[in-house]
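Notes for the one structure printed next.
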Amino acid sequence: TLRVAVAANFKPTLENINRHYRAQTGIVVLLSSASTGVLTTQLQHGAPFDIFFAADAQQPALLATGNKSRTFCYAVGKLALAGGSIDDLADASRSLAIANPVTAPYGRAALEVVSRKAFSAASKRKLVRANNAAQAYQFWYSGAVDLALLPRALAPDDAVAIPVQWHAPIEQHAYIARPSPAVTRYLNWVRSDTVRSLIIEAGYESCP
Amino acid sequence: MSAIELNIDCSGAQNFSLRVDCKLPAQGVTAIYGPSGSGKTTLLDCIAGLRAPGADSLIRIGNQVLSDQNVQLAPWRREVGYVFSKARLFSHLSVQGNLRYALQRRRTRGNFTIDDVSRWLQLDTLMERSPDSLSAGQQQRVAIARALLSAPQILLLDEPFTNLDGVARKQCIQLLQQLSSELDIPMLFVSHDIEEVSELADYLLLLEEGRVRSQGPLIELCSRLDSGLAQEERAAAILCAGISRHDEEYGLSELDVEGETITVAALQRPVGSAQRLRIPARDVSICRQRPTDSSILNILPVTVQEMSAIGPSSLTLRLALGTQYLLARITRKSAANLDLQVGDTVYAQIKSVALVSAPADGNAPVENL
Amino acid sequence: MSAIELNIDCSGAQNFSLRVDCKLPAQGVTAIYGPSGSGKTTLLDCIAGLRAPGADSLIRIGNQVLSDQNVQLAPWRREVGYVFSKARLFSHLSVQGNLRYALQRRRTRGNFTIDDVSRWLQLDTLMERSPDSLSAGQQQRVAIARALLSAPQILLLDEPFTNLDGVARKQCIQLLQQLSSELDIPMLFVSHDIEEVSELADYLLLLEEGRVRSQGPLIELCSRLDSGLAQEERAAAILCAGISRHDEEYGLSELDVEGETITVAALQRPVGSAQRLRIPARDVSICRQRPTDSSILNILPVTVQEMSAIGPSSLTLRLALGTQYLLARITRKSAANLDLQVGDTVYAQIKSVALVSAPADGNAPVENL
Amino acid sequence: MSLSDAELNAIYLTLLLASVTTAILLLVGTPLAWWLSRRRGSVAALVEASVALPLILPPTVLGFYLLLMFAPDTPLGRAWESLTGAPLAFSFSALVIGSVIYSLPFVVQPLQTAFSRVPAGTLQAAATLGATPRDQFFSIVLPMSSRSFTTAASLGFAHTVGEFGVVLMIGGNIPGETQVLSIALYDFVESLQFAEAHRLSAMLIVFSLALLFFLYRREDASAWRVSA
Amino acid sequence: MSLSDAELNAIYLTLLLASVTTAILLLVGTPLAWWLSRRRGSVAALVEASVALPLILPPTVLGFYLLLMFAPDTPLGRAWESLTGAPLAFSFSALVIGSVIYSLPFVVQPLQTAFSRVPAGTLQAAATLGATPRDQFFSIVLPMSSRSFTTAASLGFAHTVGEFGVVLMIGGNIPGETQVLSIALYDFVESLQFAEAHRLSAMLIVFSLALLFFLYRREDASAWRVSA
Ligand SMILES: Nc1ncnc2c1ncn2[C@@H]1O[C@H](COP(=O)(O)OP(=O)(O)OP(=O)(O)O)[C@@H](O)[C@H]1O
Ligand SMILES: Nc1ncnc2c1ncn2[C@@H]1O[C@H](COP(=O)(O)OP(=O)(O)OP(=O)(O)O)[C@@H](O)[C@H]1O
Ligand SMILES: [Mg+2]
Ligand SMILES: [Mg+2]
């Protein structure tokens, strides 16, 4: 069996991917999800994961300590706005949730979007920071906030897409913690066209 | 005369039940006497509201109903002072704190202060101490002081003198006697010590296995041969007397009882005052002729009224002295030797030093001859 | 003869300190007597190891050192049975559980069972009960049973009879007397009741404000006018006697004391057995001539040995009867009337019914005449 | 060792939250514990079980359900907003409510145990002196349980300081409003700023140790002690 | 309402973890509480404060420090690996250790309070009957504190069931090995599978309520009760 660590926001997608993999090969992949920061810390201290799908590019790079062959990009994230139209971002009376910019790449991107001149009218608004993207969704889902800037992959279908130029690209990289034939076989599958289309279908873009 | 009316049905563990239906005087001191486990504490608990008797029970003090079919006053509304047999002091407060606790919640009666009770019960040097660091007797005194300070309508005392030494016990008894008459607070007190009982009580309730065995004024009950009290080893009769003369030379006082004279240790009270005397049956002996060269000062002419066997070898005699009665315990052999019969007139010798006097009304120092 | 050696210096609250240096007999019953707060409980606590006396203190029982400069045995190693003045039963166990607790940890001495002690102390019907649901006297009896069952090397009893009624108290006293002599367990017992003390104790330790006021065999101390005991209201002398005859007709027994005869209620023991008699000073009166028509059976010729004033009006006399002594309390007035002088030979009248007998060795039923 | 403004703010918020929460916990928990200690039977057992319930839900999940309750379109949220004019979710008040619910068992359970151990005889003595149950409670039960109040308050306080799952969920991590120390610390760890995390933890630990130490050091007064 | 294999596994792991943790907590906490209840002074106060310390660190942060201690290249990690042959971090054993440390105050504090309230006189009575301190402890203190053991055990158990920050950090959320119920639940909420989350929470709540209810319902035996 393979042990794969995955950032929480990619977990549903990866689960879907693994279902296909299992159907084809019969191999069971054990998924462990947590936030990217936690998983990175764990990997630094001997966590028994073979591969780590992070939500950003820095932390896999940190883990690989410069060894480019151990990391690769597997998806590029997109943002979407749930709960209203783009114009609402300029309305200070509408509360907005984003993921924590300090810890979550989607939070950083969302902050970039919110900081655009066009929305400065709302700069005084109460910005609710969720721990991660999933929590930002929960805030919106519960009705506690009016708007949420979410990963497209998590956002409801009627969410409005945010133009990708409005923020730095959200490249999600994976880190190969323990290379092995099984890992290689799995990675080949992950890089296959089938999977790429699954990823795109889930609301990501493919890597450059 | 107002009364304490008790009609209580209260069940305890196993098949014990307390079933009491009686009237007690609502003034003076009533002793509750009976063997261990006869329900004395249970009775006090019911009166204080700490145990709930059956729904039909009635507890009335004077014209205040504490409990009947309709009302069951909560314990804190009953204005009952209770000295528990284990002191039950508040361990988180000092002695003074305990007393102040009672004072802050005191009822309308009584206006003595912490200083007063601490003088009466010699607590001055204990004020700052924690209850846990007191000796058993000291704790008991604090508990009595605390109950007094709450200025209750009635005082319940459960074996209050058990841990006190002879002197302290005497002082306490005298204090309670005084307070009972001066403040007009009725007291119910439980004791195993018939001497204590007859020193302090005016009225007696005898319990046995949760039932009233007999009840009545102490004086009457004491001299009745069928009350159970006369069977006690320490049976004693109580006489009412008046002070007739003080003999300063010998430090004695003479009392008049039914026209006869009884000599006791000097009393500090004026001629004419009333005085109660306790005369243990075993201190009374009988002779046909008045002895002349004996150290016994008190020799009274009496009539044998009743004779009752106590065990195989002794008799208790009920001796009439005017309208009052003495008890005497003698051997069957002596009775045979003297050929004693009911109706005989004989002399009762009372060792004067055996007189224990209880003042009928306050103030007299209890000094024994 | 082995002894209990105590050299204790133990300080309590405020400026109280217990300072005791004495030897007590290591068999029989020793009473510790003294006013409230005089350090009686503190002394027992030190012996049991529940309070730590000063480092120089010595506590030795026979040849077993419980505490000295080098060793301080922990309480659980001392093989000391302790009946506390508040019963201190284990509230999470039933009565039976409490007894079994002691049994499971018992020492080597003694081989009686729970059934035995529960028979002796009438606990059969209480076995399944929780201690909290017992009356005060019932709790006390369980505590005594529990201490006995632990088969200690020495038994400490802190006012063990306070909550017992007259009958139960008598039974307990007799039981302890028997056990003390049969099992050879020394007992130290604290009491405020001088009658209790003289019934049960062989030896006496009088405490006052943490110091030994006096000590000695009960018989000796009782009749000494300077011991403090003779000052007590209930002072009494103890006599050693032998049974000389049983008088079945009247249910009496005759005892020989120094060649004289004393008549008491029938004793169930063979002629020749030794017997202790307690004769309260206030029950003894004096006459110059032997009275003839009195109910008093016991009239003994004695010599006035010493006279000492008690208060303003009375005297205590020490009367020699052969090598033993009687006490008598009379008024100064009687003494003057009789013109009594030291050295006079007079008759001491003892109301026979006032005799309280304590068997010098087990088994005799304590029946009073 | 200097602190950033945000950190100072977080410390202030944390202390405020923990103090307010502890105060409310004692106010709410004391009568509840008293009631529970006097009652037996199914109702009391059910209440007791419910009090302990928040413990078994992971804090974030508990927080999620609280959030569902606090949202502006729920009855509670609506009522709150019409009363105070401000929405409940992501407010300091929400944090307080969440913390109170979460820490309730730590306060109620020690108090309940303490209360049920005050001897019945002592309360009876107070009653015969005229103390109503209320009075008995304040004059006897409270002072006799002081040691358990220390336990309860320190558990409640400490737990609120350390608690972050619920706080994060219903507070929304708004700097100056709902960003407490535990979240700040968590952020450092998440973003792998370990040096910062160590610094903040060390501070928190030293401060708490000192506080707890002084709390627990209160000697009881009796110089004279019984051995055995 | 059927459960997936993963969920069944998580439930099994949770119960195992909570039981083992509670057992260890009682084993470790009882003597510690006893010691603390007998001692006064600075050393005891310091120990007491340290026991309470895990409370004030956010669980993830605590988990982080535990992870630093458990990692294979630390003395502890090395010693463990050489003893058992398996690494400590991310093992079930690590979870147990973490949970024990985290829940220790909830067990120690109620027990300590209970122990210190056993009347000295009762212990003295036992001592004179020949009971050594050890014996006194087992025969008197333990049974007299049974109610506090219920409190302590239920707080410890419940807290371990609900705790997830520490477990997540040092366990690594590995299905079948360290993925306990709280993490599974957390995962559902995180991955927005709310229906699943509701289902699991409901189960958890009903189960715990029932358990706690029966724990607390134990009537005490005395049918005859003193009023006031
Ligand atoms: N709390 C209780 N629960 C159940 N039964 C009790 C309780 N207290 C006392 N009893 C029982 O009720 C009966 C009467 O007890 P009570 O305490 O009234 O006796 P008492 O006359 O005061 O005896 P003592 O002189 O020994 O104190 C006894 O059989 C006792 O065992
Ligand atoms: N735990 C304690 N701490 C401090 N002082 C104490 C303690 N116990 C008793 N004392 C004090 O020591 C002195 C002797 O007390 P102790 O209990 O030995 O007296 P006692 O002779 O047994 O009196 P009682 O007959 O009233 O029981 C008293 O002044 C008492 O206040
Ligand atoms: Mg009683
Ligand atoms: Mg004492």
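Chains: A, B, ... in order of the structure tokens. Residues: from 1 per chain. Ligands: from 1, in order shown.
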- Message: Taking only range 32-180 of chain E into account, list the residues labelled helix (DSSP H, G or I) by DSSP (computed from the backbone), as a PyMOL selection string.
- Response: chain E and resi 32-38+42-55+59-70+75-84+92-116+120-128+133-144+146-162+165-171
Chain D onto chain E, all Cα, least squares, as an mmCIF file with C-alpha atoms, in the first residue's frame:
```cif
data_model
loop_
_atom_site.group_PDB
_atom_site.id
_atom_site.type_symbol
_atom_site.label_atom_id
_atom_site.label_comp_id
_atom_site.auth_asym_id
_atom_site.auth_seq_id
_atom_site.Cartn_x
_atom_site.Cartn_y
_atom_site.Cartn_z
ATOM 1 C CA MET D 1 -27.439 4.087 9.195
ATOM 2 C CA SER D 2 -24.534 2.020 8.003
ATOM 3 C CA LEU D 3 -20.901 2.664 8.595
ATOM 4 C CA SER D 4 -18.046 2.369 6.208
ATOM 5 C CA ASP D 5 -15.131 0.116 7.039
ATOM 6 C CA ALA D 6 -12.931 3.123 7.594
ATOM 7 C CA GLU D 7 -15.431 4.520 10.045
ATOM 8 C CA LEU D 8 -15.754 1.255 11.901
ATOM 9 C CA ASN D 9 -12.015 1.150 12.089
ATOM 10 C CA ALA D 10 -11.901 4.698 13.368
ATOM 11 C CA ILE D 11 -14.473 3.886 16.017
ATOM 12 C CA TYR D 12 -12.529 0.871 17.106
ATOM 13 C CA LEU D 13 -9.301 2.865 17.281
ATOM 14 C CA THR D 14 -11.000 5.635 19.203
ATOM 15 C CA LEU D 15 -12.427 3.342 21.803
ATOM 16 C CA LEU D 16 -9.123 1.553 22.112
ATOM 17 C CA LEU D 17 -7.209 4.801 22.445
ATOM 18 C CA ALA D 18 -9.628 6.268 24.951
ATOM 19 C CA SER D 19 -9.696 3.106 27.043
ATOM 20 C CA VAL D 20 -5.958 2.633 27.087
ATOM 21 C CA THR D 21 -5.408 6.301 27.768
ATOM 22 C CA THR D 22 -7.954 6.380 30.579
ATOM 23 C CA ALA D 23 -6.438 3.280 32.123
ATOM 24 C CA ILE D 24 -2.964 4.765 32.010
ATOM 25 C CA LEU D 25 -4.260 8.110 33.223
ATOM 26 C CA LEU D 26 -5.777 6.467 36.267
ATOM 27 C CA LEU D 27 -2.642 4.442 36.887
ATOM 28 C CA VAL D 28 -0.369 7.442 36.604
ATOM 29 C CA GLY D 29 -2.725 10.091 37.866
ATOM 30 C CA THR D 30 -3.799 8.341 41.046
ATOM 31 C CA PRO D 31 -0.396 8.149 42.740
ATOM 32 C CA LEU D 32 0.471 11.594 41.457
ATOM 33 C CA ALA D 33 -2.749 13.021 42.867
ATOM 34 C CA TRP D 34 -2.152 11.197 46.139
ATOM 35 C CA TRP D 35 1.332 12.591 46.394
ATOM 36 C CA LEU D 36 0.107 16.082 45.607
ATOM 37 C CA SER D 37 -2.706 15.835 48.130
ATOM 38 C CA ARG D 38 -0.285 14.943 50.927
ATOM 39 C CA ARG D 39 2.328 17.561 50.142
ATOM 40 C CA ARG D 40 2.419 21.267 50.545
ATOM 41 C CA GLY D 41 5.025 23.767 49.502
ATOM 42 C CA SER D 42 6.860 24.941 46.446
ATOM 43 C CA VAL D 43 7.877 21.629 44.931
ATOM 44 C CA ALA D 44 4.348 20.303 45.021
ATOM 45 C CA ALA D 45 2.974 23.587 43.672
ATOM 46 C CA LEU D 46 5.444 23.429 40.797
ATOM 47 C CA VAL D 47 4.505 19.858 39.962
ATOM 48 C CA GLU D 48 0.859 20.766 40.208
ATOM 49 C CA ALA D 49 1.340 23.707 37.878
ATOM 50 C CA SER D 50 3.251 21.546 35.400
ATOM 51 C CA VAL D 51 0.480 18.992 35.323
ATOM 52 C CA ALA D 52 -1.958 21.728 34.355
ATOM 53 C CA LEU D 53 0.395 23.151 31.747
ATOM 54 C CA PRO D 54 -0.596 21.064 28.690
ATOM 55 C CA LEU D 55 -3.965 22.742 28.975
ATOM 56 C CA ILE D 56 -2.817 26.157 27.990
ATOM 57 C CA LEU D 57 -1.006 25.193 24.818
ATOM 58 C CA PRO D 58 -3.216 24.799 21.755
ATOM 59 C CA PRO D 59 -3.347 21.066 21.026
ATOM 60 C CA THR D 60 -1.657 21.360 17.640
ATOM 61 C CA VAL D 61 1.163 23.316 19.176
ATOM 62 C CA LEU D 62 1.485 20.846 22.002
ATOM 63 C CA GLY D 63 1.422 18.137 19.387
ATOM 64 C CA PHE D 64 4.155 19.881 17.463
ATOM 65 C CA TYR D 65 6.438 19.931 20.493
ATOM 66 C CA LEU D 66 5.647 16.333 21.280
ATOM 67 C CA LEU D 67 6.487 15.456 17.710
ATOM 68 C CA LEU D 68 9.835 17.199 18.084
ATOM 69 C CA MET D 69 10.420 14.978 21.115
ATOM 70 C CA PHE D 70 9.218 11.767 19.515
ATOM 71 C CA ALA D 71 11.153 12.001 16.264
ATOM 72 C CA PRO D 72 13.526 9.106 15.606
ATOM 73 C CA ASP D 73 16.662 11.204 16.020
ATOM 74 C CA THR D 74 15.808 12.455 19.495
ATOM 75 C CA PRO D 75 16.974 10.607 22.614
ATOM 76 C CA LEU D 76 13.400 9.505 23.364
ATOM 77 C CA GLY D 77 12.739 8.419 19.812
ATOM 78 C CA ARG D 78 16.011 6.535 19.664
ATOM 79 C CA ALA D 79 15.458 4.814 22.971
ATOM 80 C CA TRP D 80 11.950 3.819 21.982
ATOM 81 C CA GLU D 81 13.053 2.444 18.661
ATOM 82 C CA SER D 82 15.875 0.419 20.158
ATOM 83 C CA LEU D 83 13.504 -0.987 22.761
ATOM 84 C CA THR D 84 10.518 -1.809 20.592
ATOM 85 C CA GLY D 85 12.045 -1.992 17.140
ATOM 86 C CA ALA D 86 9.493 0.435 15.714
ATOM 87 C CA PRO D 87 9.613 4.193 15.516
ATOM 88 C CA LEU D 88 7.552 6.093 18.062
ATOM 89 C CA ALA D 89 6.214 8.934 15.955
ATOM 90 C CA PHE D 90 2.954 8.206 14.129
ATOM 91 C CA SER D 91 2.423 5.044 16.089
ATOM 92 C CA PHE D 92 -0.523 4.182 18.278
ATOM 93 C CA SER D 93 1.824 4.354 21.254
ATOM 94 C CA ALA D 94 2.617 7.948 20.415
ATOM 95 C CA LEU D 95 -1.079 8.730 20.387
ATOM 96 C CA VAL D 96 -1.445 7.180 23.793
ATOM 97 C CA ILE D 97 1.461 9.123 25.238
ATOM 98 C CA GLY D 98 0.213 12.359 23.749
ATOM 99 C CA SER D 99 -3.322 11.822 24.995
ATOM 100 C CA VAL D 100 -2.102 10.932 28.453
ATOM 101 C CA ILE D 101 -0.095 14.112 28.726
ATOM 102 C CA TYR D 102 -2.892 16.188 27.336
ATOM 103 C CA SER D 103 -5.621 14.771 29.578
ATOM 104 C CA LEU D 104 -3.551 14.417 32.739
ATOM 105 C CA PRO D 105 -4.901 17.499 34.508
ATOM 106 C CA PHE D 106 -8.490 16.338 34.096
ATOM 107 C CA VAL D 107 -7.678 13.211 36.015
ATOM 108 C CA VAL D 108 -5.190 14.516 38.544
ATOM 109 C CA GLN D 109 -7.084 17.551 39.700
ATOM 110 C CA PRO D 110 -10.418 15.954 40.676
ATOM 111 C CA LEU D 111 -8.604 13.070 42.337
ATOM 112 C CA GLN D 112 -6.309 15.359 44.245
ATOM 113 C CA THR D 113 -9.227 17.338 45.570
ATOM 114 C CA ALA D 114 -11.046 14.176 46.581
ATOM 115 C CA PHE D 115 -8.013 12.713 48.293
ATOM 116 C CA SER D 116 -7.344 15.827 50.286
ATOM 117 C CA ARG D 117 -10.893 15.700 51.589
ATOM 118 C CA VAL D 118 -10.721 12.281 53.184
ATOM 119 C CA PRO D 119 -10.894 13.143 56.895
ATOM 120 C CA ALA D 120 -7.568 12.814 58.688
ATOM 121 C CA GLY D 121 -9.390 11.161 61.584
ATOM 122 C CA THR D 122 -10.564 8.325 59.394
ATOM 123 C CA LEU D 123 -7.056 7.622 58.194
ATOM 124 C CA GLN D 124 -5.795 7.778 61.759
ATOM 125 C CA ALA D 125 -8.387 5.212 62.760
ATOM 126 C CA ALA D 126 -7.203 2.940 59.959
ATOM 127 C CA ALA D 127 -3.586 3.442 60.980
ATOM 128 C CA THR D 128 -4.244 2.379 64.558
ATOM 129 C CA LEU D 129 -5.897 -0.750 63.180
ATOM 130 C CA GLY D 130 -2.607 -1.588 61.497
ATOM 131 C CA ALA D 131 -3.184 -0.204 58.012
ATOM 132 C CA THR D 132 0.018 1.010 56.367
ATOM 133 C CA PRO D 133 -0.263 4.159 54.253
ATOM 134 C CA ARG D 134 -0.494 1.960 51.187
ATOM 135 C CA ASP D 135 -3.218 -0.087 52.777
ATOM 136 C CA GLN D 136 -5.007 3.047 53.992
ATOM 137 C CA PHE D 137 -4.942 4.309 50.450
ATOM 138 C CA PHE D 138 -6.474 1.219 48.920
ATOM 139 C CA SER D 139 -8.914 0.402 51.678
ATOM 140 C CA ILE D 140 -10.071 3.886 52.679
ATOM 141 C CA VAL D 141 -9.075 6.630 50.299
ATOM 142 C CA LEU D 142 -9.922 4.852 47.062
ATOM 143 C CA PRO D 143 -13.404 3.679 48.004
ATOM 144 C CA MET D 144 -14.223 6.998 49.647
ATOM 145 C CA SER D 145 -13.254 8.832 46.448
ATOM 146 C CA SER D 146 -15.166 6.625 44.063
ATOM 147 C CA ARG D 147 -17.364 9.480 42.897
ATOM 148 C CA SER D 148 -14.286 11.479 41.930
ATOM 149 C CA PHE D 149 -12.897 8.529 40.045
ATOM 150 C CA THR D 150 -16.038 8.547 37.960
ATOM 151 C CA THR D 151 -15.528 12.228 37.293
ATOM 152 C CA ALA D 152 -11.862 11.809 36.514
ATOM 153 C CA ALA D 153 -12.300 8.785 34.301
ATOM 154 C CA SER D 154 -15.199 10.254 32.383
ATOM 155 C CA LEU D 155 -13.438 13.562 31.828
ATOM 156 C CA GLY D 156 -10.299 11.733 30.736
ATOM 157 C CA PHE D 157 -12.158 9.338 28.470
ATOM 158 C CA ALA D 158 -14.385 11.935 26.892
ATOM 159 C CA HIS D 159 -11.539 14.301 26.378
ATOM 160 C CA THR D 160 -9.494 11.649 24.639
ATOM 161 C CA VAL D 161 -12.406 10.779 22.381
ATOM 162 C CA GLY D 162 -12.888 14.387 21.426
ATOM 163 C CA GLU D 163 -9.296 15.450 21.328
ATOM 164 C CA PHE D 164 -7.866 15.699 17.857
ATOM 165 C CA GLY D 165 -5.257 18.393 17.627
ATOM 166 C CA VAL D 166 -2.581 16.428 19.407
ATOM 167 C CA VAL D 167 -3.669 13.163 17.883
ATOM 168 C CA LEU D 168 -3.549 14.577 14.397
ATOM 169 C CA MET D 169 -0.107 15.994 14.952
ATOM 170 C CA ILE D 170 1.619 13.024 16.451
ATOM 171 C CA GLY D 171 -0.522 10.312 14.897
ATOM 172 C CA GLY D 172 -0.354 11.332 11.284
ATOM 173 C CA ASN D 173 -3.931 10.309 10.503
ATOM 174 C CA ILE D 174 -2.999 6.879 9.195
ATOM 175 C CA PRO D 175 -6.191 4.912 8.514
ATOM 176 C CA GLY D 176 -6.368 1.767 10.628
ATOM 177 C CA GLU D 177 -3.484 2.874 12.772
ATOM 178 C CA THR D 178 -3.899 6.367 13.980
ATOM 179 C CA GLN D 179 -7.024 7.684 12.283
ATOM 180 C CA VAL D 180 -9.455 8.038 15.135
ATOM 181 C CA LEU D 181 -13.072 9.107 15.020
ATOM 182 C CA SER D 182 -12.451 12.734 15.829
ATOM 183 C CA ILE D 183 -10.150 13.021 12.824
ATOM 184 C CA ALA D 184 -12.580 11.273 10.563
ATOM 185 C CA LEU D 185 -15.274 13.640 11.730
ATOM 186 C CA TYR D 186 -12.970 16.586 11.268
ATOM 187 C CA ASP D 187 -12.214 15.435 7.755
ATOM 188 C CA PHE D 188 -15.885 15.419 6.891
ATOM 189 C CA VAL D 189 -16.307 18.947 8.115
ATOM 190 C CA GLU D 190 -13.158 20.115 6.334
ATOM 191 C CA SER D 191 -14.247 18.627 3.078
ATOM 192 C CA LEU D 192 -17.730 20.067 3.512
ATOM 193 C CA GLN D 193 -19.398 16.664 3.636
ATOM 194 C CA PHE D 194 -21.872 17.920 6.154
ATOM 195 C CA ALA D 195 -24.385 15.106 5.879
ATOM 196 C CA GLU D 196 -21.694 12.611 6.769
ATOM 197 C CA ALA D 197 -20.485 14.856 9.552
ATOM 198 C CA HIS D 198 -23.974 15.141 11.006
ATOM 199 C CA ARG D 199 -24.443 11.390 10.888
ATOM 200 C CA LEU D 200 -21.160 10.673 12.645
ATOM 201 C CA SER D 201 -21.670 13.393 15.241
ATOM 202 C CA ALA D 202 -25.148 12.192 16.009
ATOM 203 C CA MET D 203 -23.811 8.706 16.575
ATOM 204 C CA LEU D 204 -21.018 9.965 18.761
ATOM 205 C CA ILE D 205 -23.368 12.098 20.793
ATOM 206 C CA VAL D 206 -25.962 9.403 21.320
ATOM 207 C CA PHE D 207 -23.354 6.871 22.266
ATOM 208 C CA SER D 208 -21.603 9.196 24.673
ATOM 209 C CA LEU D 209 -24.794 10.435 26.225
ATOM 210 C CA ALA D 210 -25.875 6.885 26.890
ATOM 211 C CA LEU D 211 -22.513 6.000 28.372
ATOM 212 C CA LEU D 212 -22.323 9.044 30.594
ATOM 213 C CA PHE D 213 -25.937 8.675 31.593
ATOM 214 C CA PHE D 214 -25.392 5.188 32.905
ATOM 215 C CA LEU D 215 -22.196 6.246 34.556
ATOM 216 C CA TYR D 216 -23.912 9.047 36.413
ATOM 217 C CA ARG D 217 -27.103 7.250 37.198
ATOM 218 C CA ARG D 218 -25.597 4.908 39.781
ATOM 219 C CA GLU D 219 -27.839 5.837 42.602
ATOM 220 C CA ASP D 220 -26.168 5.787 45.983
ATOM 221 C CA ALA D 221 -27.657 3.053 48.028
ATOM 222 C CA SER D 222 -29.198 4.808 51.002
ATOM 223 C CA ALA D 223 -32.929 4.716 50.547
ATOM 224 C CA TRP D 224 -33.296 6.526 53.804
ATOM 225 C CA ARG D 225 -32.249 10.099 53.393
ATOM 226 C CA VAL D 226 -31.870 13.026 55.700
ATOM 227 C CA SER D 227 -33.582 16.168 54.545
ATOM 228 C CA ALA D 228 -32.486 19.810 54.955
#
```
If you count only C-alpha atoms and all ligand atoms, which residues end up within 6 Å of ligand 4, as a PDB file with C-alpha atoms, in the first residue's frame?
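File produced: result-v1.pdb:
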```pdb
ATOM      1  CA  SER B 135     -10.264  19.389  72.805  1.00  0.00           C
ATOM      2  CA  ALA B 136     -13.556  17.520  72.877  1.00  0.00           C
TER       3      ALA B 136
ATOM      4  CA  LYS C  40      -5.587  13.473  77.849  1.00  0.00           C
ATOM      5  CA  THR C  41      -6.364  12.999  74.185  1.00  0.00           C
TER       6      THR C  41
END
```
- Query: Given a cut-off of 6 Å, what residues near ligand 1 show up using only C-alpha atoms and all ligand atoms, put as a count of residues only?
  - Reply: 19
- Note on the structure: A straight line from CA of Ala145 in chain B to CA of Ala26 in chain B spans 21.8 Å
- Task: Would you work out the distance separating CA of Gln27 in chain C from CA of Arg77 in chain C, expressed in Å to one decimal?
- Result: 20.3 Å
Taking a cut-off of 10 Å and counting only C-alpha atoms, can you build a table that, for each residue of chain B near chain D, reports the nearest atom pair and how far apart they are in Å (one decimal), sorted by chain then residue number, as CSV?
```
residue,atom,partner,partner_atom,distance
B:Asp45,CA,D:Gln124,CA,9.7
B:Ala48,CA,D:Thr128,CA,6.9
B:Gly49,CA,D:Thr128,CA,8.5
B:Leu50,CA,D:Gln124,CA,6.8
B:Ala74,CA,D:Ala127,CA,8.5
B:Pro75,CA,D:Ala127,CA,5.7
B:Trp76,CA,D:Gly130,CA,4.1
B:Arg77,CA,D:Gly130,CA,6.3
B:Arg78,CA,D:Thr128,CA,7.4
B:Glu79,CA,D:Gly130,CA,6.7
B:Val80,CA,D:Thr128,CA,5.9
B:Gly81,CA,D:Thr128,CA,6.1
B:Tyr82,CA,D:Thr128,CA,6.5
B:Val83,CA,D:Ala125,CA,8.5
B:Phe84,CA,D:Ala125,CA,8.0
B:Lys86,CA,D:Gly121,CA,9.3
B:Ala87,CA,D:Ala125,CA,9.1
B:Arg88,CA,D:Thr122,CA,5.8
B:Leu89,CA,D:Thr122,CA,7.2
B:Phe90,CA,D:Thr122,CA,6.7
B:Ser91,CA,D:Met144,CA,8.2
B:His92,CA,D:Met144,CA,6.3
B:Leu93,CA,D:Pro143,CA,9.2
B:Asn98,CA,D:Ala126,CA,9.9
B:Tyr101,CA,D:Leu129,CA,8.1
B:Ala102,CA,D:Leu129,CA,5.8
B:Leu103,CA,D:Leu129,CA,8.8
B:Gln104,CA,D:Gly130,CA,9.4
B:Arg105,CA,D:Gly130,CA,5.8
B:Arg106,CA,D:Gly130,CA,7.3
B:Arg107,CA,D:Gly130,CA,8.2
B:Ser130,CA,D:Ser222,CA,8.7
B:Asp132,CA,D:Ser222,CA,10.0
B:Ser133,CA,D:Trp224,CA,8.6
B:Ala143,CA,D:Ala125,CA,9.8
B:Arg146,CA,D:Leu129,CA,8.4
B:Ala147,CA,D:Leu129,CA,7.1
B:Leu148,CA,D:Leu129,CA,9.7
B:Leu149,CA,D:Leu129,CA,9.0
B:Ser150,CA,D:Leu129,CA,5.9
B:Ala151,CA,D:Leu129,CA,9.0
B:Pro152,CA,D:Leu129,CA,8.3
```
